[in-house]
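Peer 1: Contents of my_file05.pdb (PDB, C-alpha atoms, pLDDT in the B column):
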ATOM      1  CA  MET F   1      94.429  87.680 109.384  1.00 54.00           C
ATOM      2  CA  ALA F   2      97.628  86.848 107.509  1.00 68.00           C
ATOM      3  CA  GLU F   3     100.261  84.966 109.451  1.00 80.00           C
ATOM      4  CA  SER F   4     103.470  86.869 110.187  1.00 84.00           C
ATOM      5  CA  VAL F   5     106.760  85.623 108.794  1.00 87.00           C
ATOM      6  CA  VAL F   6     109.781  85.499 111.109  1.00 89.00           C
ATOM      7  CA  LEU F   7     112.506  87.765 109.766  1.00 92.00           C
ATOM      8  CA  ASP F   8     116.071  87.998 111.005  1.00 93.00           C
ATOM      9  CA  PRO F   9     118.338  91.087 110.776  1.00 93.00           C
ATOM     10  CA  VAL F  10     119.688  90.003 107.358  1.00 95.00           C
ATOM     11  CA  ASP F  11     116.144  89.675 105.945  1.00 95.00           C
ATOM     12  CA  LEU F  12     115.234  93.090 107.344  1.00 93.00           C
ATOM     13  CA  HIS F  13     118.360  94.670 105.844  1.00 93.00           C
ATOM     14  CA  LEU F  14     117.569  93.111 102.448  1.00 95.00           C
ATOM     15  CA  LEU F  15     113.988  94.407 102.607  1.00 93.00           C
ATOM     16  CA  ARG F  16     115.145  97.937 103.462  1.00 90.00           C
ATOM     17  CA  LEU F  17     117.553  97.949 100.527  1.00 92.00           C
ATOM     18  CA  LEU F  18     115.050  96.488  98.063  1.00 93.00           C
ATOM     19  CA  GLN F  19     112.321  98.943  99.107  1.00 89.00           C
ATOM     20  CA  ASN F  20     114.686 101.788  98.355  1.00 85.00           C
ATOM     21  CA  ASP F  21     115.727 100.325  94.975  1.00 89.00           C
ATOM     22  CA  ALA F  22     114.135  97.102  93.760  1.00 90.00           C
ATOM     23  CA  ARG F  23     116.581  97.006  90.828  1.00 91.00           C
ATOM     24  CA  THR F  24     119.630  96.454  93.052  1.00 93.00           C
ATOM     25  CA  THR F  25     121.546  93.386  91.838  1.00 94.00           C
ATOM     26  CA  TYR F  26     121.961  90.350  94.084  1.00 95.00           C
ATOM     27  CA  ARG F  27     125.730  90.897  94.006  1.00 96.00           C
ATOM     28  CA  ASP F  28     125.320  94.490  95.294  1.00 96.00           C
ATOM     29  CA  LEU F  29     122.724  93.433  97.865  1.00 96.00           C
ATOM     30  CA  ALA F  30     124.985  90.656  99.118  1.00 97.00           C
ATOM     31  CA  ALA F  31     127.936  93.032  99.461  1.00 97.00           C
ATOM     32  CA  GLN F  32     125.871  95.583 101.394  1.00 96.00           C
ATOM     33  CA  VAL F  33     124.366  92.959 103.718  1.00 96.00           C
ATOM     34  CA  GLY F  34     127.578  90.941 104.140  1.00 97.00           C
ATOM     35  CA  VAL F  35     126.473  87.558 102.743  1.00 97.00           C
ATOM     36  CA  ALA F  36     127.342  85.531  99.647  1.00 97.00           C
ATOM     37  CA  PRO F  37     125.367  86.337  96.467  1.00 96.00           C
ATOM     38  CA  SER F  38     123.905  82.798  96.469  1.00 96.00           C
ATOM     39  CA  THR F  39     122.701  83.299 100.068  1.00 96.00           C
ATOM     40  CA  CYS F  40     121.182  86.626  99.074  1.00 96.00           C
ATOM     41  CA  LEU F  41     119.364  85.008  96.146  1.00 96.00           C
ATOM     42  CA  ASP F  42     118.051  82.203  98.399  1.00 97.00           C
ATOM     43  CA  ARG F  43     116.790  84.692 100.987  1.00 96.00           C
ATOM     44  CA  VAL F  44     115.051  86.943  98.466  1.00 96.00           C
ATOM     45  CA  THR F  45     113.466  83.875  96.828  1.00 96.00           C
ATOM     46  CA  ARG F  46     112.214  82.722 100.261  1.00 96.00           C
ATOM     47  CA  LEU F  47     110.817  86.201 100.965  1.00 96.00           C
ATOM     48  CA  ARG F  48     108.941  86.079  97.633  1.00 95.00           C
ATOM     49  CA  ARG F  49     107.588  82.554  98.174  1.00 95.00           C
ATOM     50  CA  SER F  50     106.428  83.384 101.704  1.00 95.00           C
ATOM     51  CA  GLY F  51     104.517  86.414 100.396  1.00 94.00           C
ATOM     52  CA  VAL F  52     106.589  89.070 102.178  1.00 94.00           C
ATOM     53  CA  ILE F  53     107.700  90.461  98.788  1.00 94.00           C
ATOM     54  CA  LEU F  54     104.570  90.893  96.702  1.00 92.00           C
ATOM     55  CA  GLY F  55     106.154  92.155  93.500  1.00 90.00           C
ATOM     56  CA  HIS F  56     108.087  94.918  91.808  1.00 85.00           C
ATOM     57  CA  ARG F  57     106.256  97.950  90.482  1.00 82.00           C
ATOM     58  CA  LEU F  58     107.185 100.697  88.110  1.00 83.00           C
ATOM     59  CA  GLU F  59     106.233 104.092  89.522  1.00 86.00           C
ATOM     60  CA  LEU F  60     105.123 106.691  86.998  1.00 90.00           C
ATOM     61  CA  ASP F  61     104.700 110.453  87.375  1.00 94.00           C
ATOM     62  CA  PRO F  62     100.999 111.167  86.641  1.00 95.00           C
ATOM     63  CA  ALA F  63     101.779 114.837  85.875  1.00 96.00           C
ATOM     64  CA  LYS F  64     104.199 113.835  83.100  1.00 97.00           C
ATOM     65  CA  LEU F  65     101.391 111.702  81.654  1.00 96.00           C
ATOM     66  CA  GLY F  66      98.964 114.625  81.510  1.00 97.00           C
ATOM     67  CA  ARG F  67      97.312 113.941  84.889  1.00 97.00           C
ATOM     68  CA  GLY F  68      98.724 116.780  87.002  1.00 97.00           C
ATOM     69  CA  LEU F  69      95.841 117.082  89.470  1.00 98.00           C
ATOM     70  CA  GLN F  70      95.394 114.444  92.174  1.00 98.00           C
ATOM     71  CA  ALA F  71      92.518 114.100  94.611  1.00 98.00           C
ATOM     72  CA  LEU F  72      91.079 111.827  97.261  1.00 98.00           C
ATOM     73  CA  LEU F  73      87.411 110.962  96.842  1.00 98.00           C
ATOM     74  CA  SER F  74      85.528 109.834  99.957  1.00 98.00           C
ATOM     75  CA  VAL F  75      82.605 107.761  98.715  1.00 98.00           C
ATOM     76  CA  GLN F  76      79.546 106.641 100.643  1.00 96.00           C
ATOM     77  CA  VAL F  77      77.592 103.745  99.114  1.00 95.00           C
ATOM     78  CA  ARG F  78      73.990 102.952 100.038  1.00 91.00           C
ATOM     79  CA  PRO F  79      72.963 100.325 100.635  1.00 88.00           C
ATOM     80  CA  HIS F  80      76.378  99.056 101.684  1.00 86.00           C
ATOM     81  CA  ARG F  81      75.865  95.377 100.925  1.00 88.00           C
ATOM     82  CA  ARG F  82      78.280  92.622  99.990  1.00 89.00           C
ATOM     83  CA  GLU F  83      76.771  92.096  96.531  1.00 90.00           C
ATOM     84  CA  LEU F  84      77.503  95.733  95.635  1.00 87.00           C
ATOM     85  CA  VAL F  85      81.076  95.823  96.953  1.00 88.00           C
ATOM     86  CA  GLY F  86      82.727  93.643  94.286  1.00 91.00           C
ATOM     87  CA  PRO F  87      81.137  95.245  91.218  1.00 93.00           C
ATOM     88  CA  PHE F  88      81.614  98.774  92.603  1.00 94.00           C
ATOM     89  CA  VAL F  89      85.307  98.217  93.365  1.00 95.00           C
ATOM     90  CA  GLU F  90      85.980  96.554  89.995  1.00 96.00           C
ATOM     91  CA  ARG F  91      84.279  99.420  88.136  1.00 96.00           C
ATOM     92  CA  ILE F  92      86.350 101.999  90.048  1.00 97.00           C
ATOM     93  CA  ARG F  93      89.586 100.026  89.597  1.00 97.00           C
ATOM     94  CA  ALA F  94      88.975  99.911  85.834  1.00 98.00           C
ATOM     95  CA  LEU F  95      88.901 103.706  85.564  1.00 98.00           C
ATOM     96  CA  PRO F  96      92.197 105.028  84.136  1.00 97.00           C
ATOM     97  CA  GLU F  97      92.065 107.893  86.660  1.00 98.00           C
ATOM     98  CA  SER F  98      92.022 105.562  89.698  1.00 98.00           C
ATOM     99  CA  LEU F  99      95.367 105.028  91.421  1.00 97.00           C
ATOM    100  CA  THR F 100      94.274 103.319  94.659  1.00 97.00           C
ATOM    101  CA  VAL F 101      90.990 102.234  96.232  1.00 98.00           C
ATOM    102  CA  PHE F 102      90.549 101.656  99.974  1.00 98.00           C
ATOM    103  CA  HIS F 103      87.510 100.008 101.622  1.00 96.00           C
ATOM    104  CA  LEU F 104      87.029 101.770 104.976  1.00 95.00           C
ATOM    105  CA  THR F 105      85.212 101.737 108.271  1.00 95.00           C
ATOM    106  CA  GLY F 106      83.435 104.874 109.456  1.00 95.00           C
ATOM    107  CA  PRO F 107      81.022 107.226 107.712  1.00 94.00           C
ATOM    108  CA  ASP F 108      82.664 106.794 104.284  1.00 96.00           C
ATOM    109  CA  ASP F 109      82.863 103.391 102.654  1.00 96.00           C
ATOM    110  CA  TYR F 110      85.663 104.021 100.157  1.00 97.00           C
ATOM    111  CA  LEU F 111      88.602 106.346  99.671  1.00 98.00           C
ATOM    112  CA  VAL F 112      89.705 106.607  96.044  1.00 98.00           C
ATOM    113  CA  HIS F 113      92.985 108.258  95.026  1.00 98.00           C
ATOM    114  CA  VAL F 114      92.637 109.652  91.498  1.00 98.00           C
ATOM    115  CA  ALA F 115      94.823 111.546  89.026  1.00 98.00           C
ATOM    116  CA  VAL F 116      93.151 113.739  86.408  1.00 98.00           C
ATOM    117  CA  ALA F 117      94.174 116.381  83.883  1.00 98.00           C
ATOM    118  CA  ASP F 118      92.510 119.378  85.533  1.00 98.00           C
ATOM    119  CA  MET F 119      89.478 120.575  87.531  1.00 98.00           C
ATOM    120  CA  SER F 120      87.015 120.060  84.691  1.00 98.00           C
ATOM    121  CA  ASP F 121      88.302 116.497  84.266  1.00 98.00           C
ATOM    122  CA  LEU F 122      87.836 115.930  88.002  1.00 98.00           C
ATOM    123  CA  GLN F 123      84.301 117.293  87.822  1.00 98.00           C
ATOM    124  CA  ARG F 124      83.542 115.009  84.865  1.00 98.00           C
ATOM    125  CA  LEU F 125      84.934 112.007  86.740  1.00 98.00           C
ATOM    126  CA  VAL F 126      82.914 112.696  89.900  1.00 98.00           C
ATOM    127  CA  LEU F 127      79.652 113.384  88.040  1.00 98.00           C
ATOM    128  CA  ASP F 128      79.889 110.750  85.300  1.00 98.00           C
ATOM    129  CA  GLU F 129      81.624 107.877  87.085  1.00 97.00           C
ATOM    130  CA  PHE F 130      80.632 108.262  90.742  1.00 98.00           C
ATOM    131  CA  THR F 131      77.502 110.277  91.533  1.00 97.00           C
ATOM    132  CA  SER F 132      75.713 108.939  88.443  1.00 95.00           C
ATOM    133  CA  GLN F 133      75.841 105.457  89.989  1.00 94.00           C
ATOM    134  CA  ARG F 134      72.636 104.502  91.797  1.00 92.00           C
ATOM    135  CA  GLU F 135      74.436 103.073  94.841  1.00 93.00           C
ATOM    136  CA  VAL F 136      76.621 106.168  95.414  1.00 96.00           C
ATOM    137  CA  ALA F 137      74.976 108.301  98.103  1.00 95.00           C
ATOM    138  CA  ARG F 138      77.734 110.900  98.543  1.00 97.00           C
ATOM    139  CA  VAL F 139      81.153 111.885  97.242  1.00 98.00           C
ATOM    140  CA  GLU F 140      83.468 114.305  99.027  1.00 98.00           C
ATOM    141  CA  THR F 141      86.526 115.538  97.149  1.00 98.00           C
ATOM    142  CA  ARG F 142      89.850 116.638  98.609  1.00 98.00           C
ATOM    143  CA  LEU F 143      92.619 117.983  96.389  1.00 98.00           C
ATOM    144  CA  ILE F 144      96.165 116.811  97.056  1.00 98.00           C
ATOM    145  CA  PHE F 145      98.691 119.642  97.214  1.00 97.00           C
ATOM    146  CA  GLN F 146     101.753 117.486  97.831  1.00 95.00           C
ATOM    147  CA  ARG F 147     102.636 113.876  98.606  1.00 92.00           C
ATOM    148  CA  TRP F 148     105.539 112.334 100.506  1.00 89.00           C
ATOM    149  CA  ASP F 149     106.421 108.660 100.421  1.00 84.00           C
ATOM    150  CA  CYS F 150     107.259 106.990 103.707  1.00 83.00           C
ATOM    151  CA  GLY F 151     108.863 103.714 104.481  1.00 75.00           C
ATOM    152  CA  PRO F 152     110.218 101.217 104.434  1.00 75.00           C
ATOM    153  CA  VAL F 153     107.467  98.996 105.847  1.00 80.00           C
ATOM    154  CA  LEU F 154     109.029  96.672 108.387  1.00 78.00           C
ATOM    155  CA  PRO F 155     107.632  94.596 111.248  1.00 77.00           C
ATOM    156  CA  PRO F 156     107.182  96.318 114.612  1.00 77.00           C
ATOM    157  CA  SER F 157     110.199  96.182 116.882  1.00 70.00           C
ATOM    158  CA  PRO F 158     109.911  93.856 119.901  1.00 63.00           C
ATOM    159  CA  SER F 159     109.748  96.881 122.242  1.00 57.00           C
ATOM    160  CA  ALA F 160     106.769  98.328 120.287  1.00 52.00           C
ATOM    161  CA  GLN F 161     104.923  94.991 120.476  1.00 51.00           C
ATOM    162  CA  SER F 162     105.282  94.646 124.250  1.00 52.00           C
ATOM    163  CA  GLY F 163     104.285  98.240 125.069  1.00 51.00           C
TER     164      GLY F 163
END
Write out the structure in this file as structure tokens.
Peer 2:
Amino acid sequence: MAESVVLDPVDLHLLRLLQNDARTTYRDLAAQVGVAPSTCLDRVTRLRRSGVILGHRLELDPAKLGRGLQALLSVQVRPHRRELVGPFVERIRALPESLTVFHLTGPDDYLVHVAVADMSDLQRLVLDEFTSQREVARVETRLIFQRWDCGPVLPPSPSAQSG
């Protein structure tokens, strides 16, 4: 398990602001948090080096790229063995339709978030890229009607940890 990093209120404020807009300048961040720009830069650099900040990502609208239908695919792999996990995940990650892959506990082994052009494209993806694979025992498909982002991700409050 990864070791937690101790964060003070200034770090938490910086993280909230950066999660809402990662393009915010250090000068603007510093002004909003109430520290000098050089202090802000040092803190953000420390948060990157410690692994709290993993990177900056550009978010694209799949619908505007011709992939207006999104779905979650629950995939059961048999046999579920370590030597199959790596190649299976890498093959799924390489698919242009794959947005996210989760390795799970429970009856399903993987949950794959995909974006496709339409229903026939989804059917092609499921039949050609999933169920055609020898190790795939079952695929269950759920269409996504709407998605809401949540956040920001912050450490639990002390009261939540003690209760």
Peer 1: For a quick check of understanding, using all atoms listed in the file, which of F:Leu122, F:Ile144, F:Leu47, F:Leu72 has the smallest distance to Asp8 of chain F?
Peer 2: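 Of F:Leu122, F:Ile144, F:Leu47, F:Leu72, the one nearest Asp8 of chain F is F:Leu47, counting all atoms listed in the file.
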Peer 1: Residue by residue, what does the PyMOL selection byres ((chain F and resi 143) around 7) grab here? Present the result as a PyMOL selection string.
Peer 2: chain F and resi 70-72+141-142+144-145
Peer 1: As a ChimeraX atom specification, please: the residues near Arg57 of chain F (cut-off 12 Å, all atoms listed in the file, same-chain neighbours under 4 positions excluded).
Peer 2: /F:18-19,21-23,53
Peer 1: Go ahead and compute the interatomic distance for atom CA of Ala137 of chain F and atom CA of Ala117 of chain F, in Å to one decimal.
Peer 2: 25.2 Å
Peer 1: Residues of segment 6-115 of chain F that have any atom at most 12 Å from an atom of segment 153-157 of chain F: could you tabulate them with the shortest-distance atom pair and the distance in Å to one decimal, using all atoms listed in the file, ordered by chain and increasing number, as JSON lines?
Peer 2:
{"residue": "F:Val6", "atom": "CA", "partner": "F:Pro155", "partner_atom": "CA", "distance": 9.3}
{"residue": "F:Leu7", "atom": "CA", "partner": "F:Pro155", "partner_atom": "CA", "distance": 8.5}
{"residue": "F:Asp8", "atom": "CA", "partner": "F:Pro155", "partner_atom": "CA", "distance": 10.7}
{"residue": "F:Pro9", "atom": "CA", "partner": "F:Leu154", "partner_atom": "CA", "distance": 11.1}
{"residue": "F:Asp11", "atom": "CA", "partner": "F:Leu154", "partner_atom": "CA", "distance": 10.3}
{"residue": "F:Leu12", "atom": "CA", "partner": "F:Leu154", "partner_atom": "CA", "distance": 7.2}
{"residue": "F:His13", "atom": "CA", "partner": "F:Leu154", "partner_atom": "CA", "distance": 9.9}
{"residue": "F:Leu14", "atom": "CA", "partner": "F:Leu154", "partner_atom": "CA", "distance": 11.0}
{"residue": "F:Leu15", "atom": "CA", "partner": "F:Leu154", "partner_atom": "CA", "distance": 7.9}
{"residue": "F:Arg16", "atom": "CA", "partner": "F:Leu154", "partner_atom": "CA", "distance": 8.0}
{"residue": "F:Leu17", "atom": "CA", "partner": "F:Val153", "partner_atom": "CA", "distance": 11.5}
{"residue": "F:Leu18", "atom": "CA", "partner": "F:Val153", "partner_atom": "CA", "distance": 11.2}
{"residue": "F:Gln19", "atom": "CA", "partner": "F:Val153", "partner_atom": "CA", "distance": 8.3}
{"residue": "F:Asn20", "atom": "CA", "partner": "F:Val153", "partner_atom": "CA", "distance": 10.8}
{"residue": "F:Val52", "atom": "CA", "partner": "F:Leu154", "partner_atom": "CA", "distance": 10.1}
{"residue": "F:Ile53", "atom": "CA", "partner": "F:Val153", "partner_atom": "CA", "distance": 11.1}
Peer 1: Let me make sure I understand: among F:Ser50, F:Ser38, F:Ser74, F:Gln133, which one has the smallest atom-to-atom distance to Gly106 of chain F if we use only C-alpha atoms?
Peer 2: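 Selected residue with least distance to Gly106 of chain F: F:Ser74.
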Peer 1: Find the residue from F:Arg147, F:Arg27, F:Arg138, F:Arg67 that sits nearest to Asp109 of chain F; use all atoms listed in the file when measuring.
Peer 2: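 Closest candidate: F:Arg138.
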Peer 1: With distances taken over all atoms listed in the file, which of F:Leu84, F:Glu97, F:Val35, F:Asp28 is nearest to Arg124 of chain F?
Peer 2: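 Once distances to Arg124 of chain F are computed over all atoms listed in the file, the minimum belongs to F:Glu97.
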Peer 1: Residue by residue, what does the PyMOL selection byres ((chain F and resi 78) around 8) grab here? Present the result as JSON, numbers by chain.
Peer 2: {"F": [76, 77, 79, 80, 81, 135, 136, 137]}
Peer 1: Residue by residue, what does the PyMOL selection byres ((chain F and resi 125) around 12) grab here? Present the result as a PyMOL selection string.
Peer 2: chain F and resi 71+73+92+95-98+112+114-124+126-133+139+141
Peer 1: Kindly give the distance, in Å, that separates atom CA of Ser4 of chain F and atom CA of Pro152 of chain F, rounded to a single decimal.
Peer 2: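 Separating atom CA of Ser4 of chain F from atom CA of Pro152 of chain F is a distance of 16.9 Å.
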Peer 1: Take segment 109-130 of chain F, model N, CA, C and O atoms, and hand the result over as a PDB file, in the coordinates of the input.
Peer 2:
ATOM      1  N   ASP F 109      82.610 104.798 102.952  1.00 96.00           N
ATOM      2  CA  ASP F 109      82.863 103.391 102.654  1.00 96.00           C
ATOM      3  C   ASP F 109      84.140 103.172 101.856  1.00 96.00           C
ATOM      4  O   ASP F 109      84.788 102.138 101.978  1.00 96.00           O
ATOM      5  N   TYR F 110      84.495 104.153 101.021  1.00 97.00           N
ATOM      6  CA  TYR F 110      85.663 104.021 100.157  1.00 97.00           C
ATOM      7  C   TYR F 110      86.435 105.330 100.122  1.00 97.00           C
ATOM      8  O   TYR F 110      85.860 106.408 100.216  1.00 97.00           O
ATOM      9  N   LEU F 111      87.741 105.215  99.942  1.00 98.00           N
ATOM     10  CA  LEU F 111      88.602 106.346  99.671  1.00 98.00           C
ATOM     11  C   LEU F 111      89.312 106.004  98.368  1.00 98.00           C
ATOM     12  O   LEU F 111      89.967 104.959  98.264  1.00 98.00           O
ATOM     13  N   VAL F 112      89.142 106.863  97.371  1.00 98.00           N
ATOM     14  CA  VAL F 112      89.705 106.607  96.044  1.00 98.00           C
ATOM     15  C   VAL F 112      90.695 107.713  95.707  1.00 98.00           C
ATOM     16  O   VAL F 112      90.351 108.895  95.728  1.00 98.00           O
ATOM     17  N   HIS F 113      91.933 107.319  95.432  1.00 98.00           N
ATOM     18  CA  HIS F 113      92.985 108.258  95.026  1.00 98.00           C
ATOM     19  C   HIS F 113      92.953 108.302  93.498  1.00 98.00           C
ATOM     20  O   HIS F 113      93.113 107.268  92.848  1.00 98.00           O
ATOM     21  N   VAL F 114      92.736 109.505  92.949  1.00 98.00           N
ATOM     22  CA  VAL F 114      92.637 109.652  91.498  1.00 98.00           C
ATOM     23  C   VAL F 114      93.630 110.686  90.993  1.00 98.00           C
ATOM     24  O   VAL F 114      94.062 111.571  91.740  1.00 98.00           O
ATOM     25  N   ALA F 115      93.982 110.567  89.720  1.00 98.00           N
ATOM     26  CA  ALA F 115      94.823 111.546  89.026  1.00 98.00           C
ATOM     27  C   ALA F 115      94.101 111.928  87.744  1.00 98.00           C
ATOM     28  O   ALA F 115      93.726 111.059  86.954  1.00 98.00           O
ATOM     29  N   VAL F 116      93.892 113.224  87.563  1.00 98.00           N
ATOM     30  CA  VAL F 116      93.151 113.739  86.408  1.00 98.00           C
ATOM     31  C   VAL F 116      93.936 114.884  85.769  1.00 98.00           C
ATOM     32  O   VAL F 116      94.908 115.375  86.338  1.00 98.00           O
ATOM     33  N   ALA F 117      93.472 115.317  84.606  1.00 98.00           N
ATOM     34  CA  ALA F 117      94.174 116.381  83.883  1.00 98.00           C
ATOM     35  C   ALA F 117      94.011 117.731  84.556  1.00 98.00           C
ATOM     36  O   ALA F 117      94.978 118.488  84.693  1.00 98.00           O
ATOM     37  N   ASP F 118      92.780 118.055  84.971  1.00 98.00           N
ATOM     38  CA  ASP F 118      92.510 119.378  85.533  1.00 98.00           C
ATOM     39  C   ASP F 118      91.177 119.334  86.276  1.00 98.00           C
ATOM     40  O   ASP F 118      90.562 118.270  86.412  1.00 98.00           O
ATOM     41  N   MET F 119      90.720 120.506  86.746  1.00 98.00           N
ATOM     42  CA  MET F 119      89.478 120.575  87.531  1.00 98.00           C
ATOM     43  C   MET F 119      88.256 120.121  86.734  1.00 98.00           C
ATOM     44  O   MET F 119      87.390 119.441  87.274  1.00 98.00           O
ATOM     45  N   SER F 120      88.181 120.486  85.473  1.00 98.00           N
ATOM     46  CA  SER F 120      87.015 120.060  84.691  1.00 98.00           C
ATOM     47  C   SER F 120      87.023 118.550  84.491  1.00 98.00           C
ATOM     48  O   SER F 120      85.966 117.910  84.472  1.00 98.00           O
ATOM     49  N   ASP F 121      88.194 117.959  84.380  1.00 98.00           N
ATOM     50  CA  ASP F 121      88.302 116.497  84.266  1.00 98.00           C
ATOM     51  C   ASP F 121      87.883 115.833  85.579  1.00 98.00           C
ATOM     52  O   ASP F 121      87.208 114.803  85.583  1.00 98.00           O
ATOM     53  N   LEU F 122      88.255 116.453  86.696  1.00 98.00           N
ATOM     54  CA  LEU F 122      87.836 115.930  88.002  1.00 98.00           C
ATOM     55  C   LEU F 122      86.320 116.023  88.148  1.00 98.00           C
ATOM     56  O   LEU F 122      85.673 115.071  88.602  1.00 98.00           O
ATOM     57  N   GLN F 123      85.757 117.130  87.747  1.00 98.00           N
ATOM     58  CA  GLN F 123      84.301 117.293  87.822  1.00 98.00           C
ATOM     59  C   GLN F 123      83.608 116.240  86.955  1.00 98.00           C
ATOM     60  O   GLN F 123      82.630 115.620  87.373  1.00 98.00           O
ATOM     61  N   ARG F 124      84.110 116.035  85.741  1.00 98.00           N
ATOM     62  CA  ARG F 124      83.542 115.009  84.865  1.00 98.00           C
ATOM     63  C   ARG F 124      83.609 113.629  85.518  1.00 98.00           C
ATOM     64  O   ARG F 124      82.634 112.888  85.524  1.00 98.00           O
ATOM     65  N   LEU F 125      84.754 113.304  86.098  1.00 98.00           N
ATOM     66  CA  LEU F 125      84.934 112.007  86.740  1.00 98.00           C
ATOM     67  C   LEU F 125      83.933 111.814  87.876  1.00 98.00           C
ATOM     68  O   LEU F 125      83.251 110.784  87.955  1.00 98.00           O
ATOM     69  N   VAL F 126      83.822 112.804  88.757  1.00 98.00           N
ATOM     70  CA  VAL F 126      82.914 112.696  89.900  1.00 98.00           C
ATOM     71  C   VAL F 126      81.464 112.560  89.432  1.00 98.00           C
ATOM     72  O   VAL F 126      80.727 111.688  89.898  1.00 98.00           O
ATOM     73  N   LEU F 127      81.047 113.403  88.484  1.00 98.00           N
ATOM     74  CA  LEU F 127      79.652 113.384  88.040  1.00 98.00           C
ATOM     75  C   LEU F 127      79.314 112.172  87.167  1.00 98.00           C
ATOM     76  O   LEU F 127      78.266 111.551  87.340  1.00 98.00           O
ATOM     77  N   ASP F 128      80.200 111.831  86.244  1.00 98.00           N
ATOM     78  CA  ASP F 128      79.889 110.750  85.300  1.00 98.00           C
ATOM     79  C   ASP F 128      80.182 109.359  85.831  1.00 98.00           C
ATOM     80  O   ASP F 128      79.486 108.404  85.479  1.00 98.00           O
ATOM     81  N   GLU F 129      81.206 109.216  86.658  1.00 97.00           N
ATOM     82  CA  GLU F 129      81.624 107.877  87.085  1.00 97.00           C
ATOM     83  C   GLU F 129      81.252 107.537  88.524  1.00 97.00           C
ATOM     84  O   GLU F 129      81.273 106.377  88.908  1.00 97.00           O
ATOM     85  N   PHE F 130      80.950 108.540  89.338  1.00 98.00           N
ATOM     86  CA  PHE F 130      80.632 108.262  90.742  1.00 98.00           C
ATOM     87  C   PHE F 130      79.182 108.613  91.061  1.00 98.00           C
ATOM     88  O   PHE F 130      78.370 107.726  91.296  1.00 98.00           O
TER      89      PHE F 130
END
